[in-house]
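run.csv (CSV, C-alpha atoms)
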chain,number,residue,atom,x,y,z
K,478,MET,CA,71.1,92.9,44.6
K,479,ARG,CA,72.5,90.5,42.0
K,480,LYS,CA,74.1,92.2,38.9
K,481,VAL,CA,72.8,91.5,35.5
K,482,ILE,CA,75.6,91.1,33.0
K,483,GLU,CA,75.7,91.1,29.2
K,484,PRO,CA,78.8,89.1,28.3
K,485,CYS,CA,79.5,90.5,24.9
K,486,VAL,CA,78.6,93.5,22.8
K,487,ARG,CA,80.5,94.3,19.6
K,488,SER,CA,78.6,97.3,18.3
K,489,PRO,CA,79.0,100.8,19.7
K,490,LYS,CA,75.6,101.6,18.3
K,491,VAL,CA,73.7,99.4,20.8
K,492,TYR,CA,76.1,99.8,23.7
K,493,GLU,CA,74.1,102.6,25.3
K,494,VAL,CA,70.9,100.6,24.9
K,495,TYR,CA,72.4,97.6,26.6
K,496,ARG,CA,73.6,99.9,29.5
K,497,LYS,CA,70.0,100.8,30.1
K,498,TYR,CA,68.9,97.2,30.6
K,499,TYR,CA,72.0,95.6,32.1
K,500,ASP,CA,74.1,96.5,35.2
K,501,GLU,CA,77.4,95.6,33.5
K,502,VAL,CA,78.2,95.2,29.8
K,503,LEU,CA,81.4,93.6,28.6
K,504,VAL,CA,82.4,95.2,25.3
K,505,GLU,CA,84.6,93.9,22.5
K,506,PHE,CA,85.3,97.1,20.8
K,507,LYS,CA,87.4,100.1,21.6
K,508,ARG,CA,85.6,103.1,23.1
K,509,GLU,CA,86.8,106.5,24.1
K,510,SER,CA,90.5,105.6,24.6
K,511,VAL,CA,89.5,102.8,27.0
K,512,ASN,CA,90.4,99.2,26.0
K,513,SER,CA,87.8,96.6,25.5
K,514,ASP,CA,86.9,94.3,28.4
K,515,ARG,CA,87.3,91.1,26.5
K,516,ILE,CA,88.8,89.5,23.5
K,517,THR,CA,88.0,86.4,21.4
K,518,VAL,CA,90.9,84.4,20.1
K,519,THR,CA,90.3,81.9,17.3
K,520,LEU,CA,92.8,79.0,17.6
K,521,LYS,CA,93.4,77.4,14.2
K,522,GLY,CA,96.8,75.9,14.7
K,523,GLU,CA,99.8,75.6,17.0
K,524,ARG,CA,101.0,79.0,16.0
K,525,ASP,CA,97.9,80.7,17.5
K,526,LEU,CA,98.5,78.8,20.7
K,527,THR,CA,102.0,80.0,21.1
K,528,ARG,CA,100.9,83.5,20.6
K,529,LEU,CA,98.1,83.2,23.1
K,530,LYS,CA,98.6,85.4,26.1
K,531,LEU,CA,96.1,85.2,29.0
K,532,SER,CA,95.9,88.4,31.0
K,533,PRO,CA,94.0,88.7,34.3
K,534,LYS,CA,92.9,92.2,33.3
K,535,LYS,CA,91.0,91.1,30.2
K,536,ILE,CA,88.6,88.3,29.7
K,537,THR,CA,89.9,85.9,27.0
K,538,VAL,CA,87.5,83.7,25.2
K,539,ILE,CA,88.9,80.9,23.1
K,540,LYS,CA,87.3,79.6,20.0
K,541,PRO,CA,89.1,76.4,19.1
K,542,MET,CA,88.9,75.1,15.5
K,543,ASN,CA,90.9,72.0,16.2
K,544,ARG,CA,90.2,69.2,18.7
K,545,SER,CA,93.9,68.9,19.8
K,546,LEU,CA,94.1,72.5,20.7
K,547,ILE,CA,91.3,72.4,23.3
K,548,LYS,CA,93.4,70.5,25.9
K,549,LYS,CA,96.4,72.6,25.2
K,550,ALA,CA,94.5,75.8,25.6
K,551,LEU,CA,92.9,74.6,28.9
K,552,ASP,CA,96.3,73.6,30.2
K,553,LEU,CA,97.5,77.2,29.5
K,554,GLY,CA,94.7,78.5,31.7
K,555,ALA,CA,91.9,79.3,29.4
K,556,LYS,CA,88.5,79.1,31.1
K,557,ILE,CA,85.9,80.3,28.5
K,558,ILE,CA,85.3,78.3,25.4
K,559,ARG,CA,83.1,79.8,22.6
K,560,ILE,CA,81.0,77.3,20.7
K,561,ASP,CA,79.2,78.3,17.5
K,562,THR,CA,78.3,76.7,14.2
K,563,ASP,CA,81.9,76.6,13.1
K,564,ASN,CA,83.3,74.4,15.8
K,565,TYR,CA,80.3,72.7,17.4
K,566,SER,CA,81.0,69.5,15.4
K,567,LEU,CA,84.4,69.2,17.2
K,568,MET,CA,82.7,68.7,20.6
K,569,LYS,CA,82.5,65.0,21.4
K,570,LYS,CA,82.4,63.1,24.6
K,571,GLY,CA,86.1,63.5,25.2
K,572,GLN,CA,86.0,67.2,24.9
K,573,LEU,CA,82.9,67.4,27.2
K,574,ASN,CA,84.8,65.4,29.8
K,575,LEU,CA,87.6,67.9,29.6
K,576,PHE,CA,85.2,70.7,30.1
K,577,ARG,CA,83.9,69.0,33.3
K,578,GLN,CA,87.5,68.4,34.5
K,579,TYR,CA,88.6,72.0,33.9
K,580,ASP,CA,85.3,73.6,35.0
K,581,VAL,CA,85.0,75.5,31.8
K,582,ILE,CA,82.4,78.2,31.0
K,583,ILE,CA,80.8,77.7,27.6
K,584,GLU,CA,79.9,80.8,25.6
K,585,LEU,CA,77.1,80.7,23.0
K,586,PRO,CA,77.0,83.8,20.7
K,587,LEU,CA,73.3,84.3,19.8
K,588,ASN,CA,74.2,86.0,16.5
K,589,ALA,CA,76.4,83.1,15.2
K,590,VAL,CA,74.7,79.9,16.5
K,591,ASN,CA,72.0,77.6,15.3
K,592,TYR,CA,69.2,77.1,17.9
K,593,LEU,CA,69.6,73.4,17.9
K,594,ILE,CA,73.2,74.0,19.2
K,595,VAL,CA,71.8,76.1,21.9
K,596,LYS,CA,69.4,73.4,22.9
K,597,ASN,CA,72.1,70.7,22.8
K,598,VAL,CA,74.7,72.7,24.8
K,599,ALA,CA,72.1,73.6,27.4
K,600,SER,CA,71.5,69.8,27.9
K,601,TRP,CA,75.2,69.4,28.7
K,602,SER,CA,74.6,71.2,31.9
K,603,THR,CA,73.2,68.1,33.5
K,604,ARG,CA,76.5,66.3,33.3
K,605,TYR,CA,79.4,68.2,31.8
K,606,VAL,CA,79.2,72.0,32.1
K,607,ILE,CA,77.7,74.0,34.9
K,608,ASP,CA,77.9,77.4,33.4
K,609,VAL,CA,76.7,78.3,29.9
K,610,VAL,CA,76.7,81.9,29.0
K,611,LEU,CA,74.4,83.4,26.3
K,612,SER,CA,76.0,86.4,24.8
K,613,SER,CA,74.4,88.6,22.2
K,614,CYS,CA,77.7,89.6,20.5
K,615,SER,CA,75.6,91.9,18.4
K,616,GLU,CA,77.5,93.7,15.6
K,617,GLY,CA,74.4,95.4,14.3
K,618,LEU,CA,71.1,96.4,15.7
K,619,GLU,CA,70.0,93.5,17.9
K,620,VAL,CA,69.3,93.9,21.6
K,621,TRP,CA,68.8,90.8,23.7
K,622,HIS,CA,67.0,91.7,26.9
K,623,PRO,CA,67.4,89.0,29.7
K,624,LEU,CA,63.6,88.3,29.4
K,625,SER,CA,64.1,87.5,25.7
K,626,LYS,CA,67.1,85.2,26.5
K,627,MET,CA,65.1,83.3,29.1
K,628,ALA,CA,62.1,83.1,26.8
K,629,LEU,CA,64.3,81.7,24.0
K,630,LEU,CA,65.7,79.0,26.3
K,631,THR,CA,62.4,78.0,27.7
K,632,SER,CA,60.9,77.8,24.2
K,633,LEU,CA,63.7,75.5,23.2
K,634,GLY,CA,62.8,73.1,26.0
K,635,VAL,CA,65.4,74.2,28.7
K,636,SER,CA,64.0,74.2,32.2
K,637,GLU,CA,63.2,77.5,33.8
K,638,VAL,CA,65.8,76.8,36.6
K,639,ASP,CA,68.5,76.2,34.1
K,640,ALA,CA,67.5,79.2,31.9
K,641,PHE,CA,67.6,81.4,35.0
K,642,HIS,CA,71.1,80.1,35.8
K,643,PHE,CA,72.4,80.6,32.3
K,644,VAL,CA,71.1,84.2,32.0
K,645,PHE,CA,71.7,85.6,35.5
K,646,ILE,CA,74.2,83.4,37.4
K,647,SER,CA,76.7,82.1,34.9
K,648,PRO,CA,77.8,85.6,33.6
K,649,LEU,CA,78.8,86.5,37.1
K,650,ARG,CA,81.6,84.0,36.8
K,651,LEU,CA,83.1,86.0,34.0
K,652,LEU,CA,83.9,88.8,36.4
K,653,THR,CA,85.7,86.6,39.0
X,1154,MET,CA,-3.4,68.7,68.7
X,1155,SER,CA,-2.6,65.0,68.2
X,1156,LEU,CA,0.9,63.7,68.5
X,1157,SER,CA,1.2,62.8,64.8
X,1158,ALA,CA,0.3,66.4,63.8
X,1159,ILE,CA,2.9,67.8,66.2
X,1160,LEU,CA,5.5,65.4,64.8
X,1161,SER,CA,4.7,66.2,61.2
X,1162,LEU,CA,4.8,70.0,62.0
X,1163,LEU,CA,8.2,69.5,63.7
X,1164,SER,CA,9.7,67.6,60.8
X,1165,LEU,CA,8.4,70.3,58.4
X,1166,VAL,CA,10.1,72.9,60.5
X,1167,ILE,CA,13.4,70.9,60.6
X,1168,SER,CA,13.4,70.3,56.9
X,1169,LEU,CA,12.7,73.9,56.1
X,1170,THR,CA,15.5,75.1,58.4
X,1171,SER,CA,18.0,72.6,56.9
X,1172,LEU,CA,17.0,73.8,53.4
X,1173,ILE,CA,17.6,77.4,54.4
X,1174,VAL,CA,21.0,76.5,56.0
X,1175,ILE,CA,22.1,74.6,52.8
X,1176,ILE,CA,21.1,77.6,50.6
X,1177,VAL,CA,23.0,80.1,52.8
X,1178,LEU,CA,26.1,77.8,53.0
X,1179,TYR,CA,26.1,77.2,49.3
X,1180,ARG,CA,26.1,81.0,48.6
X,1181,LYS,CA,28.9,81.6,51.0
X,1182,LEU,CA,31.1,78.6,49.8
X,1183,SER,CA,30.6,79.3,46.1
X,1184,LYS,CA,32.4,82.6,46.6
X,1185,ILE,CA,35.5,80.7,47.6
X,1186,PRO,CA,37.3,79.4,44.5
X,1187,GLY,CA,38.1,75.7,44.3
X,1188,ILE,CA,35.1,74.5,46.1
X,1189,PHE,CA,32.2,74.8,43.7
X,1190,ARG,CA,33.8,76.5,40.8
X,1191,PRO,CA,37.3,76.1,39.4
X,1192,SER,CA,40.1,78.1,40.8
X,1193,LYS,CA,41.1,81.2,38.8
X,1194,ASN,CA,44.7,79.9,38.7
X,1195,VAL,CA,43.7,76.9,36.6
X,1196,LYS,CA,45.8,77.1,33.4
X,1197,ASN,CA,43.7,78.7,30.8
X,1198,PRO,CA,45.6,78.8,27.6
X,1199,LYS,CA,43.3,81.5,26.2
X,1200,ALA,CA,44.3,83.8,29.1
X,1201,LYS,CA,45.8,87.0,27.8
X,1202,ARG,CA,49.3,88.2,28.4
X,1203,TYR,CA,50.4,91.8,27.8
X,1204,ILE,CA,54.0,92.6,27.1
X,1205,VAL,CA,55.2,96.1,28.0
X,1206,VAL,CA,57.9,97.2,25.6
X,1207,ASP,CA,60.2,100.1,24.9
X,1208,VAL,CA,60.4,101.1,21.3
X,1209,LEU,CA,63.6,102.8,20.2
X,1210,SER,CA,63.7,104.2,16.7
X,1211,GLY,CA,65.6,106.8,14.8
X,1212,GLY,CA,62.5,108.4,13.2
X,1213,SER,CA,58.8,108.4,13.7
X,1214,ILE,CA,57.0,105.0,13.6
X,1215,SER,CA,53.4,103.9,13.5
X,1216,THR,CA,51.6,101.2,15.5
X,1217,ASP,CA,51.1,99.2,12.3
X,1218,GLU,CA,54.8,99.2,11.5
X,1219,ILE,CA,55.7,97.9,14.9
X,1220,GLU,CA,53.0,95.2,14.8
X,1221,ARG,CA,54.1,94.1,11.3
X,1222,GLY,CA,57.7,93.9,12.5
X,1223,VAL,CA,56.8,91.9,15.6
X,1224,ARG,CA,54.7,89.5,13.5
X,1225,GLU,CA,57.4,89.1,10.9
X,1226,ALA,CA,60.0,88.4,13.6
X,1227,VAL,CA,57.8,85.7,15.2
X,1228,LYS,CA,57.3,84.2,11.8
X,1229,LEU,CA,61.1,84.2,11.1
X,1230,MET,CA,62.0,82.6,14.4
X,1231,PHE,CA,59.2,80.2,15.1
X,1232,GLY,CA,57.1,79.9,11.9
X,1233,GLN,CA,53.6,80.5,10.7
X,1234,VAL,CA,52.2,78.0,13.3
X,1235,TRP,CA,53.5,79.9,16.3
X,1236,LEU,CA,52.5,83.2,14.7
X,1237,ASP,CA,48.9,82.0,14.5
X,1238,LEU,CA,49.0,80.5,18.0
X,1239,ALA,CA,50.6,83.6,19.6
X,1240,ASN,CA,48.8,86.2,17.5
X,1241,PRO,CA,50.7,89.2,18.8
X,1242,LYS,CA,49.0,92.6,18.4
X,1243,VAL,CA,50.1,96.1,19.4
X,1244,VAL,CA,47.3,97.5,21.4
X,1245,TYR,CA,48.9,100.7,22.6
X,1246,TYR,CA,51.9,102.7,21.5
X,1247,ILE,CA,52.7,106.1,23.0
X,1248,ASP,CA,56.0,108.0,23.5
X,1249,GLY,CA,58.3,105.2,22.8
X,1250,LYS,CA,56.4,102.7,25.0
X,1251,GLY,CA,54.0,100.1,23.8
X,1252,ILE,CA,51.8,97.2,24.9
X,1253,ILE,CA,51.8,93.9,22.8
X,1254,SER,CA,48.9,91.6,23.5
X,1255,THR,CA,49.3,87.9,23.1
X,1256,ASN,CA,48.2,84.8,25.1
X,1257,ARG,CA,49.6,82.4,27.6
X,1258,ILE,CA,50.7,79.9,25.0
X,1259,GLY,CA,52.6,82.3,22.9
X,1260,TYR,CA,54.0,85.1,25.0
X,1261,LYS,CA,57.4,83.4,25.4
X,1262,VAL,CA,57.7,83.0,21.7
X,1263,VAL,CA,56.9,86.7,21.2
X,1264,LEU,CA,59.5,87.6,23.9
X,1265,ALA,CA,62.2,85.5,22.2
X,1266,SER,CA,61.4,87.0,18.8
X,1267,LEU,CA,61.6,90.7,19.7
X,1268,PRO,CA,65.4,91.0,19.2
X,1269,LYS,CA,64.9,90.1,15.5
X,1270,VAL,CA,62.6,93.0,14.7
X,1271,PRO,CA,65.3,95.3,13.2
X,1272,GLU,CA,66.4,92.5,10.9
X,1273,VAL,CA,62.9,92.0,9.4
X,1274,THR,CA,61.9,95.6,9.1
X,1275,ASN,CA,65.3,96.9,7.7
X,1276,ARG,CA,64.8,100.0,9.8
X,1277,GLU,CA,66.4,101.2,12.9
X,1278,ILE,CA,63.7,100.0,15.3
X,1279,LEU,CA,64.5,98.3,18.6
X,1280,VAL,CA,61.7,96.6,20.5
X,1281,VAL,CA,62.9,95.7,24.0
X,1282,PRO,CA,60.6,94.0,26.5
X,1283,ARG,CA,60.2,95.4,30.0
X,1284,LYS,CA,57.6,93.4,31.7
X,1285,THR,CA,54.8,90.8,31.2
X,1286,THR,CA,51.5,91.1,32.9
X,1287,GLY,CA,48.1,89.4,32.8
X,1288,SER,CA,46.0,92.5,33.0
X,1289,ILE,CA,45.8,95.4,30.5
X,1290,LYS,CA,45.1,97.7,33.5
X,1291,LYS,CA,48.5,97.1,35.0
X,1292,ALA,CA,50.2,97.3,31.6
X,1293,LYS,CA,48.6,100.7,31.0
X,1294,ARG,CA,49.7,101.9,34.4
X,1295,LEU,CA,53.3,100.8,33.6
X,1296,ILE,CA,53.4,102.9,30.4
X,1297,GLY,CA,51.8,105.9,32.2
X,1298,LEU,CA,48.3,105.6,30.7
X,1299,GLY,CA,46.7,105.5,34.2

Since I need it in another form, could you write the structure as structure tokens?
Amino acid sequence: MRKVIEPCVRSPKVYEVYRKYYDEVLVEFKRESVNSDRITVTLKGERDLTRLKLSPKKITVIKPMNRSLIKKALDLGAKIIRIDTDNYSLMKKGQLNLFRQYDVIIELPLNAVNYLIVKNVASWSTRYVIDVVLSSCSEGLEVWHPLSKMALLTSLGVSEVDAFHFVFISPLRLLT
Amino acid sequence: MSLSAILSLLSLVISLTSLIVIIVLYRKLSKIPGIFRPSKNVKNPKAKRYIVVDVLSGGSISTDEIERGVREAVKLMFGQVWLDLANPKVVYYIDGKGIISTNRIGYKVVLASLPKVPEVTNREILVVPRKTTGSIKKAKRLIGLG
């Protein structure tokens, strides 16, 4: 049976609710003396890059704020790039080709992204990026059931096959 | 009896028999969809859809509050046009489980808007979809109403 994975939860309030509807929930907060499963690193300059440490035990998501840092982060081994309203404008054809070359996973946080960005990033799947992960990253009271994610994608014009892939298949790559 | 009388009687019998055969065949074939009437699976946009949801809230909550929350969430995400098209209504709510009725055009819009219900109601209410079905009977069975 395929596991259903929620890639990001930041609020301990809704963690138990997510556990009910998902087989695996990746958290980004500390709970009961257990470390979080993932971390998001914002790269603003070279200094952040030198401090970047990629550990196989923790999922590291990179949020680049500078175009030149994207290639350098990918050369260091980063696999997951977060795109939201802050850094979407940085993504041009060159960066998309890099994503294809390095087989990158794109993460779209539903709490910090414009729905036009979701639609555009989903269209990249035809040529540049195979895996797009929709994470709720909810810091308050917001629960995104897989049905709601699929419905959102299909209502934005994404095909059902792609929507299914993004919601159920792409998050499995985060665990490998 | 003359030959012409026999022939006319025979032709009458044949025509009556063929009429009876046609009537019987028509009645049998009209029960099979797609031959004389449209198939049930033809996309009927007015067809109802029922969304079975779990409602999680800190305190007590009424059906009206949930419906208002869902309608505001749809309006926030997709606008007045889609609110009118989808026209979501809470038909049953019992013990933390509810049924929202909508239609084939708008059910995906309602599903995509449900996570925004806590934001629009400013209360600790979570409405999480479980299943979508085309019949109210199945939806009632899923929430334990028989």

Query - Distance query range 1218-1226 of chain X at most 12 Å, only C-alpha atoms, self and fewer than 3 positions along chain excluded, as a VMD selection string - result: chain X and resid 1204 1206 to 1210 1213 to 1215 1229 to 1247 1249 to 1255 1260 1262 to 1282

What are the residues of chain K that have an atom within 6 Å of an atom of chain X, counting only C-alpha atoms, as a CSV table (one decimal) with C-alpha atoms, in the frame of the given file?
chain,number,residue,atom,x,y,z
K,619,GLU,CA,70.0,93.5,17.9
K,620,VAL,CA,69.3,93.9,21.6
K,621,TRP,CA,68.8,90.8,23.7
K,625,SER,CA,64.1,87.5,25.7
K,628,ALA,CA,62.1,83.1,26.8
K,629,LEU,CA,64.3,81.7,24.0

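Across the model, the gap from CA of Phe645 in chain K to CA of Leu630 in chain K is 12.8 Å.
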
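Summary of the local environment: counting only C-alpha atoms, residues at most 10 Å from Lys548 in chain K, other than itself and those fewer than 5 positions away along its chain, are K:Pro541, K:Leu553, K:Gly554, K:Ala555, K:Gln572, K:Leu575, K:Phe576, K:Tyr579.
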
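Going from CA of Gly1287 in chain X to CA of Lys480 in chain K covers 26.9 Å.
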
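CA of Lys556 in chain K is positioned 26.3 Å from CA of Pro489 in chain K.
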
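Across K:Lys570, K:Tyr495, K:Asp563, K:Arg604, the tightest approach to Ala589 in chain K is made by K:Asp563 when counting only C-alpha atoms.
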
Across K:Asn574, K:Ser613, K:Ser602, K:Thr631, the smallest distance to Tyr492 in chain K, with all atoms listed in the file counted, is shown by K:Ser613

Let me have the centre and edge lengths in Å, one decimal, of the box along x, y and z around every listed atom of range 517-526 of chain K with 4 Å of margin on each side, as lines of an AutoDock Vina configuration file.
center_x = 94.5
center_y = 81.0
center_z = 17.8
size_x = 21.0
size_y = 18.8
size_z = 15.2

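The residues that lie within 6 Å of the point (78.7, 84.5, 29.9), counting all atoms listed in the file, are K:Pro484, K:Glu584, K:Val610, K:Leu611, K:Ser647, K:Pro648.
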
In terms of only C-alpha atoms, the residue from X:Arg1257, X:Gly1212, X:Lys1228, X:Arg1202 at minimal distance from Lys1290 in chain X is X:Arg1202
